[in-house]
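S.K.: Provided herewith is a single structure, encoded as structure tokens, for subsequent inquiry.
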There are 2 protein chains.
Amino acid sequence: MRNSFTVFPIGVVARQDDSIWIDIFDEYTDGLLGLKGFSHINVLFWFHENDTSEKRAVLQVHPRRDEQNPLTGVFGTHSPVRPNLIGLTRCKILSIEGNRIVIEDIDALDGTPVIDIKCYIPHSGAGSEVRVPEWV
Amino acid sequence: MRNSFTVFPIGVVARQDDSIWIDIFDEYTDGLLGLKGFSHINVLFWFHENDTSEKRAVLQVHPRRDEQNPLTGVFGTHSPVRPNLIGLTRCKILSIEGNRIVIEDIDALDGTPVIDIKCYIPHSGAGSEVRVPEWV
């Protein structure tokens with residue numbers, strides 16, 4: 001029997017009109033010190049609306065829900081149904097005030113639990129070698 | 001009381017001599033279909049050796065364990081101690097055979113549980129606007 005791990009939400013995505021922000025819960029606010037030095041963050045969140053054993057058992061999908069795209073393993077996609085319901089999006093920071101990070105955009109619904117924030121550090125010298133399949 | 005979420009390992013990092021690979025557990029191998037079309041993956045893993053309530057309570061560190069770097073919130077670092085012990089590394093794929101993904105490098109120990117694999121799709125047009133603090 002393998003171990004499982006427990007993830008706690010550290011904040012939540014909020015959307016209102018054209019504004020999008022992340023509110024970090026009070027007990028985690030100290031973790032934001034120095035984040036203002038970065039222009040971008042990687043936001044890890046939990047696709048909480050898909051948290052059923054059926055959806056977590058899905059291993060192959062048509063990317064972007066387009067039947068014209070080839071059936072692909074979820075690890076070769078950014079599908080929101082996958083064994084561990086972790087979403088990952090790089091976001092541009094517009095401002096940070098207290099426990100609130102205002103961001104330019106994120107592909108997550110209002111109320112989505114945030115599980116980690118990581119400062120974004122660009123990859124050195126990889127650009128042109130990157131290869132992706134035709135459907136991308 | 002907030003919900004917590006359960007994460008299951010989908011594979012494991014292995015290192016031997018100069019080789020590094022990820023073995024995906026048999027029941028998740030179908031999730032690899034089509035991954036060969038990508039040159040790089042984002043690997044999400046669990047810092048299992050730090051899974052104590054003490055280490056998960058750490059919110060500020062000196063980046064890269066260098067006291068000369070300013071005390072920084074863990075969300076502004078890639079610290080392996082943080083509330084949710086998720087590591088994220090972009091890896092170059094060398095080969096995929098069956099359930100084994102051979103990669104060029106990863107900053108994770110032999111035996112580290114892998115919790116998700118996401119195909120890497122480059123960000124469009126962001127390069128020069130990215131800003132990072134001096135310690136990076």
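Chain labels follow the order of the structure tokens: the first chain is A, the next B, and so on; residue numbering restarts at 1 in every chain, and ligands are counted from 1 in their shown order.
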Could you fit chain B onto chain A by least squares over every C-alpha atom, paired in order, and give me the moved chain as a CSV table (one decimal) with C-alpha atoms, in the first residue's frame?
M.R.:
```csv
chain,number,residue,atom,x,y,z
B,1,MET,CA,-0.1,0.0,0.0
B,2,ARG,CA,1.5,3.3,-1.1
B,3,ASN,CA,1.4,6.4,0.9
B,4,SER,CA,-0.9,9.3,0.0
B,5,PHE,CA,-0.2,12.9,0.8
B,6,THR,CA,-2.4,15.6,2.2
B,7,VAL,CA,-2.6,19.0,0.5
B,8,PHE,CA,-4.1,22.0,2.3
B,9,PRO,CA,-5.4,25.1,0.4
B,10,ILE,CA,-3.3,28.2,1.1
B,11,GLY,CA,-5.6,30.6,-0.6
B,12,VAL,CA,-8.4,31.0,-3.2
B,13,VAL,CA,-8.9,32.5,-6.6
B,14,ALA,CA,-11.4,35.3,-6.8
B,15,ARG,CA,-12.9,36.9,-10.0
B,16,GLN,CA,-15.1,40.0,-10.1
B,17,ASP,CA,-15.9,41.9,-13.2
B,18,ASP,CA,-12.6,42.2,-15.0
B,19,SER,CA,-10.5,41.7,-11.9
B,20,ILE,CA,-8.8,38.5,-10.9
B,21,TRP,CA,-6.9,38.0,-7.7
B,22,ILE,CA,-5.7,35.4,-5.2
B,23,ASP,CA,-6.4,35.9,-1.5
B,24,ILE,CA,-3.8,34.0,0.6
B,25,PHE,CA,-5.2,32.9,3.9
B,26,ASP,CA,-4.0,34.9,6.9
B,27,GLU,CA,-1.9,32.1,8.4
B,28,TYR,CA,0.2,31.9,5.2
B,29,THR,CA,0.7,35.6,4.5
B,30,ASP,CA,4.2,35.6,5.8
B,31,GLY,CA,5.1,33.3,2.9
B,32,LEU,CA,4.7,36.3,0.5
B,33,LEU,CA,7.7,38.3,1.8
B,34,GLY,CA,9.8,39.3,-1.1
B,35,LEU,CA,7.4,38.1,-3.8
B,36,LYS,CA,7.1,41.6,-5.1
B,37,GLY,CA,10.6,41.3,-6.7
B,38,PHE,CA,9.1,38.9,-9.3
B,39,SER,CA,6.9,39.8,-12.3
B,40,HIS,CA,5.4,36.4,-12.7
B,41,ILE,CA,4.3,33.4,-10.5
B,42,ASN,CA,3.5,29.8,-11.1
B,43,VAL,CA,0.1,29.2,-9.4
B,44,LEU,CA,-0.7,25.7,-8.5
B,45,PHE,CA,-4.4,25.1,-7.8
B,46,TRP,CA,-6.8,22.2,-7.3
B,47,PHE,CA,-9.6,21.4,-9.8
B,48,HIS,CA,-12.0,21.0,-6.9
B,49,GLU,CA,-15.1,20.6,-9.0
B,50,ASN,CA,-13.6,17.4,-10.5
B,51,ASP,CA,-12.7,15.8,-7.3
B,52,THR,CA,-14.6,12.5,-7.8
B,53,SER,CA,-13.1,9.0,-8.1
B,54,GLU,CA,-14.6,8.8,-11.6
B,55,LYS,CA,-12.9,11.9,-12.9
B,56,ARG,CA,-9.6,11.0,-11.2
B,57,ALA,CA,-9.7,7.7,-13.0
B,58,VAL,CA,-9.7,9.3,-16.5
B,59,LEU,CA,-6.3,8.7,-18.2
B,60,GLN,CA,-6.9,9.7,-21.8
B,61,VAL,CA,-8.7,12.6,-23.3
B,62,HIS,CA,-9.1,14.6,-26.5
B,63,PRO,CA,-7.0,17.7,-25.8
B,64,ARG,CA,-9.0,20.9,-25.4
B,65,ARG,CA,-12.2,18.8,-25.6
B,66,ASP,CA,-11.9,18.8,-29.4
B,67,GLU,CA,-12.6,15.4,-30.9
B,68,GLN,CA,-10.4,16.3,-33.8
B,69,ASN,CA,-7.4,16.2,-31.5
B,70,PRO,CA,-5.9,12.8,-31.1
B,71,LEU,CA,-6.8,10.8,-28.0
B,72,THR,CA,-3.9,11.6,-25.6
B,73,GLY,CA,-2.8,10.6,-22.2
B,74,VAL,CA,-3.6,13.2,-19.6
B,75,PHE,CA,0.1,13.6,-18.7
B,76,GLY,CA,0.5,14.8,-22.3
B,77,THR,CA,-2.1,17.4,-21.8
B,78,HIS,CA,-3.2,20.1,-19.3
B,79,SER,CA,-6.5,18.4,-18.8
B,80,PRO,CA,-8.5,19.4,-15.7
B,81,VAL,CA,-9.3,15.7,-15.2
B,82,ARG,CA,-6.3,13.7,-14.1
B,83,PRO,CA,-5.3,11.4,-11.2
B,84,ASN,CA,-4.1,14.4,-9.1
B,85,LEU,CA,-6.3,17.4,-9.8
B,86,ILE,CA,-3.4,19.9,-9.9
B,87,GLY,CA,-3.6,22.9,-12.3
B,88,LEU,CA,-0.5,24.9,-13.1
B,89,THR,CA,-0.6,28.4,-14.7
B,90,ARG,CA,2.0,31.0,-15.0
B,91,CYS,CA,0.5,34.4,-14.1
B,92,LYS,CA,1.6,38.0,-14.4
B,93,ILE,CA,1.5,39.9,-11.1
B,94,LEU,CA,-0.3,43.2,-11.3
B,95,SER,CA,0.0,44.1,-7.6
B,96,ILE,CA,0.5,42.6,-4.1
B,97,GLU,CA,-1.2,44.3,-1.2
B,98,GLY,CA,-1.2,42.5,2.2
B,99,ASN,CA,-2.5,39.0,1.5
B,100,ARG,CA,-3.9,39.8,-2.0
B,101,ILE,CA,-2.1,39.1,-5.2
B,102,VAL,CA,-3.8,40.7,-8.2
B,103,ILE,CA,-3.0,38.9,-11.4
B,104,GLU,CA,-3.6,39.5,-15.0
B,105,ASP,CA,-5.3,36.2,-15.8
B,106,ILE,CA,-5.7,32.6,-14.8
B,107,ASP,CA,-7.6,29.7,-16.2
B,108,ALA,CA,-9.3,28.9,-12.9
B,109,LEU,CA,-12.8,29.6,-11.7
B,110,ASP,CA,-13.9,31.9,-8.9
B,111,GLY,CA,-13.5,30.0,-5.7
B,112,THR,CA,-10.8,27.6,-6.9
B,113,PRO,CA,-8.5,26.5,-4.0
B,114,VAL,CA,-4.8,27.6,-4.5
B,115,ILE,CA,-2.3,25.0,-3.1
B,116,ASP,CA,1.0,26.6,-3.9
B,117,ILE,CA,2.6,29.8,-5.3
B,118,LYS,CA,6.1,29.6,-6.8
B,119,CYS,CA,8.1,32.5,-8.1
B,120,TYR,CA,8.7,32.2,-11.8
B,121,ILE,CA,12.3,32.0,-12.8
B,122,PRO,CA,12.8,31.8,-16.6
B,123,HIS,CA,14.5,28.7,-18.1
B,124,SER,CA,18.0,29.5,-19.4
B,125,GLY,CA,18.7,28.9,-23.0
B,126,ALA,CA,16.0,26.3,-23.9
B,127,GLY,CA,13.7,28.2,-26.3
B,128,SER,CA,14.4,26.9,-29.7
B,129,GLU,CA,14.9,23.3,-28.7
B,130,VAL,CA,11.4,22.9,-27.4
B,131,ARG,CA,9.2,20.5,-29.4
B,132,VAL,CA,5.4,20.0,-29.2
B,133,PRO,CA,2.9,17.9,-31.1
B,134,GLU,CA,0.9,19.3,-34.0
B,135,TRP,CA,-2.4,19.6,-32.0
B,136,VAL,CA,-0.8,22.2,-29.7
```
S.K.: Please, which residues of chain A, numbered as in this document, come out strand (DSSP E or B) from DSSP, as JSON, numbers by chain?
M.R.: {"A": [5, 6, 7, 11, 12, 13, 14, 15, 16, 19, 20, 21, 22, 23, 24, 40, 41, 42, 43, 44, 45, 46, 60, 61, 72, 73, 86, 87, 88, 89, 90, 91, 92, 93, 94, 95, 96, 97, 100, 101, 102, 103, 113, 114, 115, 116, 117, 118, 119]}
S.K.: Next, write the just-selected residues to a file, as a CSV table (one decimal), in the first residue's frame, keeping N, CA and C atoms as the atom set.
M.R.:
```csv
chain,number,residue,atom,x,y,z
A,5,PHE,N,-0.6,11.7,0.2
A,5,PHE,CA,-0.2,12.9,0.8
A,5,PHE,C,-1.4,13.9,0.9
A,6,THR,N,-1.3,14.7,1.9
A,6,THR,CA,-2.4,15.7,2.2
A,6,THR,C,-2.0,17.1,1.8
A,7,VAL,N,-2.8,17.7,1.0
A,7,VAL,CA,-2.6,19.0,0.5
A,7,VAL,C,-3.7,19.9,1.2
A,11,GLY,N,-4.9,29.4,-0.2
A,11,GLY,CA,-5.6,30.6,-0.6
A,11,GLY,C,-6.7,30.2,-1.6
A,12,VAL,N,-7.3,31.3,-2.3
A,12,VAL,CA,-8.4,31.0,-3.1
A,12,VAL,C,-8.4,32.1,-4.3
A,13,VAL,N,-8.8,31.6,-5.5
A,13,VAL,CA,-8.9,32.5,-6.6
A,13,VAL,C,-10.2,33.2,-6.5
A,14,ALA,N,-10.2,34.5,-6.8
A,14,ALA,CA,-11.4,35.3,-6.8
A,14,ALA,C,-11.5,36.1,-8.2
A,15,ARG,N,-12.7,36.2,-8.7
A,15,ARG,CA,-12.9,36.9,-10.0
A,15,ARG,C,-14.1,37.8,-9.7
A,16,GLN,N,-14.0,39.0,-10.2
A,16,GLN,CA,-15.1,40.0,-10.0
A,16,GLN,C,-15.0,41.0,-11.2
A,19,SER,N,-11.6,41.9,-12.8
A,19,SER,CA,-10.5,41.7,-11.9
A,19,SER,C,-10.3,40.3,-11.5
A,20,ILE,N,-9.1,39.9,-11.3
A,20,ILE,CA,-8.8,38.5,-10.9
A,20,ILE,C,-7.7,38.6,-9.8
A,21,TRP,N,-7.9,37.9,-8.7
A,21,TRP,CA,-6.9,38.0,-7.7
A,21,TRP,C,-6.9,36.7,-6.9
A,22,ILE,N,-5.8,36.5,-6.1
A,22,ILE,CA,-5.7,35.4,-5.2
A,22,ILE,C,-5.6,36.0,-3.8
A,23,ASP,N,-6.5,35.5,-2.9
A,23,ASP,CA,-6.4,35.9,-1.5
A,23,ASP,C,-5.7,34.7,-0.8
A,24,ILE,N,-4.5,35.0,-0.2
A,24,ILE,CA,-3.8,34.0,0.6
A,24,ILE,C,-4.4,34.1,2.0
A,40,HIS,N,6.3,37.5,-12.4
A,40,HIS,CA,5.4,36.4,-12.7
A,40,HIS,C,5.5,35.3,-11.6
A,41,ILE,N,4.4,34.6,-11.4
A,41,ILE,CA,4.3,33.4,-10.5
A,41,ILE,C,3.8,32.2,-11.2
A,42,ASN,N,4.2,31.0,-10.8
A,42,ASN,CA,3.5,29.8,-11.1
A,42,ASN,C,2.4,29.6,-10.0
A,43,VAL,N,1.2,29.5,-10.4
A,43,VAL,CA,0.1,29.2,-9.4
A,43,VAL,C,-0.3,27.8,-9.6
A,44,LEU,N,-0.3,27.0,-8.5
A,44,LEU,CA,-0.8,25.7,-8.5
A,44,LEU,C,-2.1,25.7,-7.7
A,45,PHE,N,-3.1,25.1,-8.4
A,45,PHE,CA,-4.4,25.1,-7.8
A,45,PHE,C,-5.0,23.7,-8.0
A,46,TRP,N,-6.2,23.5,-7.3
A,46,TRP,CA,-6.9,22.2,-7.3
A,46,TRP,C,-8.2,22.3,-8.0
A,60,GLN,N,-7.1,9.2,-20.4
A,60,GLN,CA,-6.9,9.7,-21.8
A,60,GLN,C,-8.1,10.6,-22.2
A,61,VAL,N,-7.7,11.7,-22.9
A,61,VAL,CA,-8.7,12.7,-23.3
A,61,VAL,C,-8.4,13.2,-24.7
A,72,THR,N,-5.2,11.4,-26.2
A,72,THR,CA,-3.9,11.6,-25.6
A,72,THR,C,-4.0,11.3,-24.1
A,73,GLY,N,-2.9,10.8,-23.6
A,73,GLY,CA,-2.8,10.6,-22.2
A,73,GLY,C,-2.8,11.9,-21.4
A,86,ILE,N,-4.3,18.7,-10.0
A,86,ILE,CA,-3.4,19.9,-9.9
A,86,ILE,C,-3.4,20.7,-11.2
A,87,GLY,N,-3.7,22.0,-11.1
A,87,GLY,CA,-3.6,22.9,-12.2
A,87,GLY,C,-2.4,23.7,-12.0
A,88,LEU,N,-1.7,24.1,-13.1
A,88,LEU,CA,-0.5,24.9,-13.1
A,88,LEU,C,-0.6,26.0,-14.1
A,89,THR,N,-0.5,27.3,-13.7
A,89,THR,CA,-0.6,28.4,-14.7
A,89,THR,C,0.4,29.4,-14.3
A,90,ARG,N,1.1,29.9,-15.3
A,90,ARG,CA,2.0,31.1,-15.0
A,90,ARG,C,1.2,32.3,-15.1
A,91,CYS,N,1.3,33.2,-14.1
A,91,CYS,CA,0.5,34.4,-14.1
A,91,CYS,C,1.3,35.6,-13.9
A,92,LYS,N,0.9,36.7,-14.6
A,92,LYS,CA,1.6,38.0,-14.4
A,92,LYS,C,1.0,38.7,-13.1
A,93,ILE,N,1.9,39.1,-12.3
A,93,ILE,CA,1.5,39.9,-11.1
A,93,ILE,C,1.2,41.3,-11.4
A,94,LEU,N,0.0,41.8,-11.1
A,94,LEU,CA,-0.3,43.2,-11.3
A,94,LEU,C,0.0,44.0,-10.0
A,95,SER,N,-0.3,43.5,-8.8
A,95,SER,CA,0.0,44.1,-7.6
A,95,SER,C,-0.1,43.1,-6.4
A,96,ILE,N,0.6,43.4,-5.3
A,96,ILE,CA,0.5,42.6,-4.1
A,96,ILE,C,0.3,43.6,-3.0
A,97,GLU,N,-0.9,43.4,-2.3
A,97,GLU,CA,-1.2,44.3,-1.1
A,97,GLU,C,-1.6,43.4,0.0
A,100,ARG,N,-3.2,39.8,-0.7
A,100,ARG,CA,-3.9,39.8,-2.0
A,100,ARG,C,-2.9,40.0,-3.1
A,101,ILE,N,-2.9,39.0,-4.0
A,101,ILE,CA,-2.1,39.1,-5.2
A,101,ILE,C,-3.1,39.3,-6.4
A,102,VAL,N,-3.0,40.5,-7.0
A,102,VAL,CA,-3.8,40.7,-8.2
A,102,VAL,C,-3.0,40.3,-9.4
A,103,ILE,N,-3.7,39.5,-10.2
A,103,ILE,CA,-3.0,38.9,-11.4
A,103,ILE,C,-3.7,39.3,-12.7
A,113,PRO,N,-9.5,26.6,-5.1
A,113,PRO,CA,-8.5,26.5,-4.0
A,113,PRO,C,-7.1,26.6,-4.6
A,114,VAL,N,-6.3,27.5,-4.1
A,114,VAL,CA,-4.8,27.6,-4.5
A,114,VAL,C,-4.0,26.7,-3.5
A,115,ILE,N,-3.1,25.9,-4.0
A,115,ILE,CA,-2.3,25.0,-3.1
A,115,ILE,C,-0.9,25.4,-3.1
A,116,ASP,N,-0.4,26.2,-4.0
A,116,ASP,CA,1.0,26.6,-3.9
A,116,ASP,C,1.2,27.8,-4.8
A,117,ILE,N,2.2,28.7,-4.5
A,117,ILE,CA,2.6,29.8,-5.3
A,117,ILE,C,4.1,29.6,-5.4
A,118,LYS,N,4.6,29.6,-6.6
A,118,LYS,CA,6.1,29.6,-6.8
A,118,LYS,C,6.5,30.7,-7.7
A,119,CYS,N,7.5,31.5,-7.2
A,119,CYS,CA,8.1,32.5,-8.1
A,119,CYS,C,8.5,31.9,-9.4
```
S.K.: DSSP on the backbone, then: every residue of chain B marked alpha helix (DSSP H), written as a PyMOL selection string.
M.R.: chain B and resi 53-56
